[in-house]
Amino acid sequence: MQDRDRYSRQVRFVPIGEEGQRKISAARVALIGAGALGSVSAELLVRAGVGFVRIVDRDFVELSNLQRQSLYDEEDVRRNLPKAVAAEAKLRRINSTVQVEAVVDDVNPSTVEDTIQDVDLVLDALDNFETRFVINDACARNSKPWIYSAAVGSYGLVMPVIPGKSPCLRCMMGSLPAPGTSPTCDTAGVIGPITHLIASIQAAEALKWICGAMSPTDVRLISYDVWENKFQRIDIGTDSMKTCPVCAEGRFEYLNGSPLRTVTLCGRNAVQLIPAVKGNLDFVRMSESISAFGSVQFNDFLLRCSSPPIPRLAMIRKKIRRPIFGAAAQSAVPIAYMDIVSRSVFVRPIRSHTRPKRMPPAAHPSNKTDVMMPVYWRVAALASGDPILR
Ligand SMILES: [Zn+2]
C-alpha cells in the first residue's frame, strides 16, 4: 500500500504507531499564518499525513520572505502570489493525499470562529499579538486546543493551550502588550534557524495532541534561543487560571470588543487598514487612476502600488484628507482589505465565502504610512463609487 510506504518511518516510531497514524490521517487542523513559522509547520503536518489542513493568510510572497519562509521561491515573488495560494500549490505536490484548503483572508473577531469551528486543532503562526489574543478568546469559547508559537531574533516560544485545562495566553501575559513594547522582526530581525526550530517544536506538539499523547498537566511554555543555545521549559502553573478573565470568567474581551483595530505587522513596517466601503473592486480602473503615484502591479488577488523613494506627496495628502469611514460606513459591506506598507499600498478583495459577519470599524493609519496616503484615499474613493477623487 502506497500510504504504508509513505508513512512507514513515522509508524515505526512507537509512540505514534499504526493507531497514531490513523488519528493523524483523520485529524483536521487550521493553521493561522503562512509566514516563516506557518510554512514549516504546514509542510511538516502535510508530510506527516494530517488529513485536512486549512491555511489562512492575507499576505503575499515578497523577496524579504525567502530568507526563512521555506515553502516559497522567487517565482512566487515574481507572480505576486498570496502565501496561502503558493503554499497550497507546494503542499499538494508534496502530498496529494492530504486535503489542503487555502484561505486568502484576514483573521479577526468577525472571521476567526468560521476559521476554527470545523477543525480539531488550531496552530498559531502569526506575527502579531493583536490577532493571537483574538484566537485565544475564540478557541476558549469554542473549546478548541491551540498551539501558540512566536519567534523574533534568535529566540522563540511555543505553548499548547488546552481550554479549561491548561493556562491560556491571558493567563501567561495578562493583557495585550502596549504597541512598541515588544521586540518585532522590524526592530530585532529574525533568523531562519529559530523559525524552523520553533515551527518544528510546534508541529511535534501538534502530533502529540493528535495522537493523544499530550496530558494537560504536562503542558509547558517552551523557549529556545539558537544563538545562545538556551532551552527552557517553564511551568506557568494553573493558579493564574483562577483569576484569568478568559479561563475563570468566560469574558472574551478581544473577541467581543472592538472588532478590529489597526494591526501592526511584523517585518513589514506596515499597518493594516480595514476600509468599509461599498462597490466593486476594478483593479484595471484602479491601476489607471493611481499610476501617477508610482508603479502599479496587479493580478487576480492583489493590486500593489509602490511610490518612488522620495516622499513627495505631503501636499496632496493635506488636500484630500476626508472622513470616508463615517456614518455611511456603518451600513456598508466591506469588500476589501487595504494595507499601506512603507511606500506601497496593497488592495485585496475579501472572498465572499469568508465575508465578515460583523462590520469592522475603520482603522487609522500611522504616521509612517504618510507617503502612500493619497493612493489610499483614492483607492477607497474608487471602491466606494465616490467620484470626487477620480
Ligand atoms: Zn486563561
# chains A, B, ... in the order shown; residues from 1 in each chain; ligands from 1
call {"tool": "residues_near_ligand", "arguments": {"ligand": "ligand 1", "cutoff": "7 Å", "atoms": "only C-alpha atoms and all ligand atoms", "output": "PyMOL selection string"}}
result
chain A and resi 167-171+240-241+244-247
call {"tool": "write_last_selection", "arguments": {"atoms": "N, CA and C atoms", "output": "PDB file, in the first residue's frame"}}
result
ATOM      1  N   PRO A 167      -3.057  26.655  31.132  1.00  0.00           N
ATOM      2  CA  PRO A 167      -3.092  28.116  31.090  1.00  0.00           C
ATOM      3  C   PRO A 167      -3.205  28.638  29.654  1.00  0.00           C
ATOM      4  N   CYS A 168      -3.918  29.754  29.505  1.00  0.00           N
ATOM      5  CA  CYS A 168      -4.094  30.356  28.185  1.00  0.00           C
ATOM      6  C   CYS A 168      -3.125  31.537  28.033  1.00  0.00           C
ATOM      7  N   LEU A 169      -3.231  32.204  26.897  1.00  0.00           N
ATOM      8  CA  LEU A 169      -2.325  33.328  26.627  1.00  0.00           C
ATOM      9  C   LEU A 169      -2.531  34.454  27.637  1.00  0.00           C
ATOM     10  N   ARG A 170      -3.778  34.666  28.052  1.00  0.00           N
ATOM     11  CA  ARG A 170      -4.035  35.730  29.027  1.00  0.00           C
ATOM     12  C   ARG A 170      -3.572  35.327  30.420  1.00  0.00           C
ATOM     13  N   CYS A 171      -3.631  34.034  30.722  1.00  0.00           N
ATOM     14  CA  CYS A 171      -3.048  33.565  31.989  1.00  0.00           C
ATOM     15  C   CYS A 171      -1.558  33.925  32.021  1.00  0.00           C
ATOM     16  N   SER A 240      -2.888  30.981  37.823  1.00  0.00           N
ATOM     17  CA  SER A 240      -3.346  32.152  37.073  1.00  0.00           C
ATOM     18  C   SER A 240      -4.696  31.896  36.409  1.00  0.00           C
ATOM     19  N   MET A 241      -5.051  30.628  36.190  1.00  0.00           N
ATOM     20  CA  MET A 241      -6.340  30.331  35.566  1.00  0.00           C
ATOM     21  C   MET A 241      -7.505  30.736  36.469  1.00  0.00           C
ATOM     22  N   CYS A 244      -8.041  34.429  35.685  1.00  0.00           N
ATOM     23  CA  CYS A 244      -7.971  34.838  34.279  1.00  0.00           C
ATOM     24  C   CYS A 244      -9.368  35.215  33.769  1.00  0.00           C
ATOM     25  N   PRO A 245      -9.507  36.354  33.101  1.00  0.00           N
ATOM     26  CA  PRO A 245     -10.836  36.731  32.600  1.00  0.00           C
ATOM     27  C   PRO A 245     -11.405  35.714  31.611  1.00  0.00           C
ATOM     28  N   VAL A 246     -10.522  35.032  30.877  1.00  0.00           N
ATOM     29  CA  VAL A 246     -10.998  34.043  29.902  1.00  0.00           C
ATOM     30  C   VAL A 246     -11.297  32.711  30.597  1.00  0.00           C
ATOM     31  N   CYS A 247     -10.298  32.189  31.305  1.00  0.00           N
ATOM     32  CA  CYS A 247     -10.434  30.845  31.889  1.00  0.00           C
ATOM     33  C   CYS A 247     -11.426  30.820  33.053  1.00  0.00           C
TER      34      CYS A 247
END
call {"tool": "select_by_dssp", "arguments": {"residues": "stretch 84-275 of chain A", "states": "strand (DSSP E or B)", "output": "ChimeraX atom specification"}}
result
/A:99-104,121-124,146-153,155-161,190,221-225,230-234,263-265,270-273
call {"tool": "residues_around", "arguments": {"residues": "A:Met172", "least_positions_apart": "6", "cutoff": "12 Å", "atoms": "only C-alpha atoms", "output": "count of residues only"}}
result
22
call {"tool": "atom_distance", "arguments": {"atom1": "atom CA of A:Pro183", "atom2": "atom CA of A:Ala151"}}
result
9.9 Å
call {"tool": "atom_distance", "arguments": {"atom1": "atom CA of A:Phe298", "atom2": "atom CA of A:Phe283"}}
result
6.9 Å
call {"tool": "atom_distance", "arguments": {"atom1": "atom CA of A:Ile198", "atom2": "atom CA of A:Phe13"}}
result
21.5 Å
call {"tool": "residues_around", "arguments": {"residues": "A:Val29", "least_positions_apart": "4", "cutoff": "10 Å", "atoms": "only C-alpha atoms", "output": "VMD selection string"}}
result
chain A and resid 42 45 50 to 55 100 116 118 to 123 146 206 210
call {"tool": "write_last_selection", "arguments": {"atoms": "N, CA and C atoms", "output": "compact mmCIF listing (two decimals), in the first residue's frame"}}
result
# COMPACT_ATOMS: atom_id res chain seq x y z
N ALA A 42 3.23 23.83 8.30
CA ALA A 42 2.35 23.27 7.27
C ALA A 42 3.04 22.12 6.55
N LEU A 45 3.23 19.00 8.81
CA LEU A 45 1.94 18.33 9.03
C LEU A 45 1.46 17.64 7.77
N VAL A 50 -1.48 14.61 7.99
CA VAL A 50 -2.68 15.16 8.64
C VAL A 50 -3.77 15.30 7.57
N GLY A 51 -4.96 14.78 7.86
CA GLY A 51 -5.98 14.63 6.82
C GLY A 51 -6.43 15.91 6.17
N PHE A 52 -6.61 16.96 6.97
CA PHE A 52 -7.10 18.23 6.44
C PHE A 52 -6.30 19.36 7.06
N VAL A 53 -5.77 20.23 6.22
CA VAL A 53 -5.02 21.39 6.71
C VAL A 53 -5.56 22.64 6.03
N ARG A 54 -6.11 23.55 6.84
CA ARG A 54 -6.56 24.84 6.33
C ARG A 54 -5.46 25.87 6.62
N ILE A 55 -5.08 26.62 5.60
CA ILE A 55 -4.02 27.62 5.75
C ILE A 55 -4.62 28.99 5.49
N VAL A 100 -5.80 20.10 1.39
CA VAL A 100 -5.26 21.40 1.79
C VAL A 100 -6.22 22.48 1.31
N ILE A 116 -12.15 28.33 12.68
CA ILE A 116 -11.76 27.24 13.60
C ILE A 116 -12.87 26.24 13.90
N ASP A 118 -14.64 23.96 12.41
CA ASP A 118 -14.72 22.58 11.92
C ASP A 118 -13.37 21.87 11.97
N VAL A 119 -12.48 22.34 12.85
CA VAL A 119 -11.18 21.66 12.98
C VAL A 119 -10.99 21.16 14.41
N ASP A 120 -10.00 20.27 14.58
CA ASP A 120 -9.71 19.69 15.89
C ASP A 120 -8.65 20.49 16.64
N LEU A 121 -7.82 21.19 15.88
CA LEU A 121 -6.65 21.84 16.47
C LEU A 121 -6.32 23.09 15.65
N VAL A 122 -5.90 24.13 16.38
CA VAL A 122 -5.54 25.40 15.73
C VAL A 122 -4.07 25.68 16.00
N LEU A 123 -3.33 26.02 14.97
CA LEU A 123 -1.93 26.39 15.14
C LEU A 123 -1.77 27.88 14.87
N TRP A 146 -5.25 24.92 20.99
CA TRP A 146 -4.42 25.63 20.00
C TRP A 146 -2.99 25.69 20.49
N ALA A 206 1.80 19.36 18.01
CA ALA A 206 0.55 19.06 17.30
C ALA A 206 0.38 17.55 17.12
N ILE A 210 -2.63 15.25 18.59
CA ILE A 210 -3.47 14.46 17.68
C ILE A 210 -3.42 12.98 18.07
call {"tool": "residues_around", "arguments": {"residues": "A:Glu113", "least_positions_apart": "6", "cutoff": "10 Å", "atoms": "only C-alpha atoms", "output": "count of residues only"}}
result
9
call {"tool": "closest_residue", "arguments": {"among": "A:Lys90, A:Lys208, A:Arg78, A:His196", "to": "A:Ile147", "atoms": "only C-alpha atoms"}}
result
A:Lys208
call {"tool": "residues_around", "arguments": {"residues": "A:Lys83", "least_positions_apart": "4", "cutoff": "7 Å", "atoms": "only C-alpha atoms", "output": "mmCIF file with C-alpha atoms, in the first residue's frame"}}
result
data_model
loop_
_atom_site.group_PDB
_atom_site.id
_atom_site.type_symbol
_atom_site.label_atom_id
_atom_site.label_comp_id
_atom_site.auth_asym_id
_atom_site.auth_seq_id
_atom_site.Cartn_x
_atom_site.Cartn_y
_atom_site.Cartn_z
ATOM 1 C CA ALA A 34 1.735 31.086 6.493
ATOM 2 C CA ASP A 57 -3.017 34.115 5.461
ATOM 3 C CA ASP A 59 -0.152 38.308 2.817
ATOM 4 C CA PHE A 60 1.694 37.938 -0.434
ATOM 5 C CA VAL A 61 5.092 36.402 -1.007
ATOM 6 C CA ALA A 87 1.640 27.228 -0.016
#
call {"tool": "residues_around", "arguments": {"residues": "A:Ala86", "least_positions_apart": "3", "cutoff": "12 Å", "atoms": "only C-alpha atoms", "output": "JSON, numbers by chain"}}
result
{"A": [34, 35, 39, 55, 56, 57, 58, 59, 60, 61, 62, 69, 70, 71, 72, 73, 74, 75, 76, 77, 78, 79, 80, 81, 82, 83, 89, 90, 91, 92, 93, 100, 101, 102, 103, 104, 301]}
call {"tool": "write_last_selection", "arguments": {"atoms": "N, CA and C atoms", "output": "compact mmCIF listing (two decimals), in the first residue's frame"}}
result
# COMPACT_ATOMS: atom_id res chain seq x y z
N ALA A 34 0.92 31.95 7.36
CA ALA A 34 1.73 31.09 6.49
C ALA A 34 3.05 31.77 6.18
N GLY A 35 3.64 32.37 7.24
CA GLY A 35 4.94 33.01 7.07
C GLY A 35 6.04 32.01 7.41
N SER A 39 4.87 28.20 7.29
CA SER A 39 5.25 27.41 6.13
C SER A 39 5.98 26.14 6.55
N ILE A 55 -5.08 26.62 5.60
CA ILE A 55 -4.02 27.62 5.75
C ILE A 55 -4.62 28.99 5.49
N VAL A 56 -4.58 29.83 6.51
CA VAL A 56 -5.19 31.15 6.39
C VAL A 56 -4.09 32.21 6.47
N ASP A 57 -4.02 33.04 5.46
CA ASP A 57 -3.02 34.11 5.46
C ASP A 57 -3.48 35.19 4.50
N ARG A 58 -3.24 36.44 4.84
CA ARG A 58 -3.68 37.55 4.00
C ARG A 58 -2.53 38.15 3.19
N ASP A 59 -1.32 37.66 3.41
CA ASP A 59 -0.15 38.31 2.82
C ASP A 59 0.27 37.69 1.50
N PHE A 60 1.17 38.39 0.84
CA PHE A 60 1.69 37.94 -0.43
C PHE A 60 3.19 37.66 -0.30
N VAL A 61 3.68 36.78 -1.12
CA VAL A 61 5.09 36.40 -1.01
C VAL A 61 5.97 37.57 -1.49
N GLU A 62 6.92 37.95 -0.66
CA GLU A 62 7.83 39.03 -1.00
C GLU A 62 9.27 38.54 -0.89
N GLN A 69 11.26 31.67 4.82
CA GLN A 69 9.93 31.07 4.60
C GLN A 69 10.05 30.00 3.52
N SER A 70 10.32 28.77 3.95
CA SER A 70 10.90 27.77 3.07
C SER A 70 9.93 27.13 2.09
N LEU A 71 8.66 27.46 2.16
CA LEU A 71 7.74 26.93 1.14
C LEU A 71 7.78 27.75 -0.15
N TYR A 72 8.40 28.93 -0.11
CA TYR A 72 8.27 29.87 -1.23
C TYR A 72 9.59 30.06 -1.99
N ASP A 73 9.45 30.54 -3.23
CA ASP A 73 10.65 30.76 -4.04
C ASP A 73 10.48 32.04 -4.88
N GLU A 74 11.48 32.32 -5.68
CA GLU A 74 11.50 33.57 -6.44
C GLU A 74 10.35 33.66 -7.45
N GLU A 75 9.91 32.53 -7.95
CA GLU A 75 8.79 32.54 -8.88
C GLU A 75 7.50 33.03 -8.20
N ASP A 76 7.30 32.63 -6.95
CA ASP A 76 6.12 33.10 -6.20
C ASP A 76 6.17 34.62 -6.02
N VAL A 77 7.37 35.15 -5.78
CA VAL A 77 7.53 36.60 -5.63
C VAL A 77 7.20 37.29 -6.96
N ARG A 78 7.76 36.74 -8.03
CA ARG A 78 7.56 37.35 -9.35
C ARG A 78 6.08 37.39 -9.71
N ARG A 79 5.33 36.36 -9.31
CA ARG A 79 3.91 36.28 -9.64
C ARG A 79 3.02 36.99 -8.62
N ASN A 80 3.62 37.59 -7.59
CA ASN A 80 2.83 38.26 -6.53
C ASN A 80 1.78 37.32 -5.93
N LEU A 81 2.11 36.09 -5.71
CA LEU A 81 1.11 35.13 -5.22
C LEU A 81 0.83 35.34 -3.73
N PRO A 82 -0.44 35.18 -3.35
CA PRO A 82 -0.74 35.13 -1.91
C PRO A 82 -0.02 33.92 -1.30
N LYS A 83 0.42 34.09 -0.06
CA LYS A 83 1.15 32.98 0.57
C LYS A 83 0.29 31.72 0.67
N ALA A 89 -0.27 25.18 -3.35
CA ALA A 89 0.28 24.54 -4.56
C ALA A 89 1.48 23.66 -4.21
N LYS A 90 2.37 24.19 -3.36
CA LYS A 90 3.56 23.40 -2.98
C LYS A 90 3.15 22.17 -2.18
N LEU A 91 2.22 22.36 -1.26
CA LEU A 91 1.84 21.26 -0.37
C LEU A 91 1.14 20.15 -1.12
N ARG A 92 0.38 20.51 -2.14
CA ARG A 92 -0.28 19.47 -2.95
C ARG A 92 0.75 18.63 -3.68
N ARG A 93 1.84 19.27 -4.10
CA ARG A 93 2.90 18.50 -4.77
C ARG A 93 3.63 17.59 -3.79
N VAL A 100 -5.80 20.10 1.39
CA VAL A 100 -5.26 21.40 1.79
C VAL A 100 -6.22 22.48 1.31
N GLU A 101 -6.60 23.37 2.22
CA GLU A 101 -7.51 24.46 1.85
C GLU A 101 -6.82 25.79 2.10
N ALA A 102 -6.63 26.56 1.05
CA ALA A 102 -6.01 27.88 1.19
C ALA A 102 -7.10 28.93 1.35
N VAL A 103 -6.95 29.79 2.33
CA VAL A 103 -7.88 30.89 2.54
C VAL A 103 -7.08 32.19 2.55
N VAL A 104 -7.30 33.02 1.53
CA VAL A 104 -6.62 34.31 1.48
C VAL A 104 -7.51 35.32 2.19
N PHE A 301 -5.51 38.50 -7.33
CA PHE A 301 -5.60 38.55 -5.88
C PHE A 301 -5.17 39.88 -5.28
call {"tool": "select_by_dssp", "arguments": {"residues": "stretch 171-268 of chain A", "states": "helix (DSSP H, G or I)", "output": "ChimeraX atom specification"}}
result
/A:171-173,185-188,192-210,216-218,239-242,253-256
call {"tool": "decode", "arguments": {"residues": "stretch 244-258 of chain A", "atoms": "N, CA and C atoms", "output": "short mmCIF file (atom, residue, chain, number, x, y, z; two decimals), in the first residue's frame"}}
result
data_model
loop_
_atom_site.label_atom_id
_atom_site.label_comp_id
_atom_site.auth_asym_id
_atom_site.auth_seq_id
_atom_site.Cartn_x
_atom_site.Cartn_y
_atom_site.Cartn_z
N CYS A 244 -8.04 34.43 35.69
CA CYS A 244 -7.97 34.84 34.28
C CYS A 244 -9.37 35.21 33.77
N PRO A 245 -9.51 36.35 33.10
CA PRO A 245 -10.84 36.73 32.60
C PRO A 245 -11.41 35.71 31.61
N VAL A 246 -10.52 35.03 30.88
CA VAL A 246 -11.00 34.04 29.90
C VAL A 246 -11.30 32.71 30.60
N CYS A 247 -10.30 32.19 31.30
CA CYS A 247 -10.43 30.85 31.89
C CYS A 247 -11.43 30.82 33.05
N ALA A 248 -11.40 31.86 33.90
CA ALA A 248 -12.22 31.83 35.11
C ALA A 248 -13.59 32.47 34.90
N GLU A 249 -13.63 33.54 34.08
CA GLU A 249 -14.88 34.30 34.00
C GLU A 249 -15.58 34.16 32.64
N GLY A 250 -14.91 33.55 31.68
CA GLY A 250 -15.55 33.43 30.36
C GLY A 250 -15.79 34.77 29.69
N ARG A 251 -14.92 35.74 30.00
CA ARG A 251 -15.02 37.06 29.33
C ARG A 251 -14.07 37.07 28.14
N PHE A 252 -14.62 37.31 26.96
CA PHE A 252 -13.82 37.27 25.74
C PHE A 252 -13.69 38.68 25.18
N GLU A 253 -12.87 39.46 25.83
CA GLU A 253 -12.82 40.89 25.52
C GLU A 253 -12.27 41.18 24.13
N TYR A 254 -11.35 40.33 23.67
CA TYR A 254 -10.75 40.59 22.35
C TYR A 254 -11.63 40.07 21.23
N LEU A 255 -12.52 39.15 21.57
CA LEU A 255 -13.45 38.63 20.57
C LEU A 255 -14.70 39.51 20.49
N ASN A 256 -15.12 40.03 21.62
CA ASN A 256 -16.37 40.78 21.67
C ASN A 256 -16.17 42.28 21.62
N GLY A 257 -14.95 42.72 21.80
CA GLY A 257 -14.71 44.16 21.83
C GLY A 257 -14.71 44.75 20.45
N SER A 258 -13.98 45.80 20.31
CA SER A 258 -13.85 46.45 19.02
C SER A 258 -13.38 45.42 17.99
#
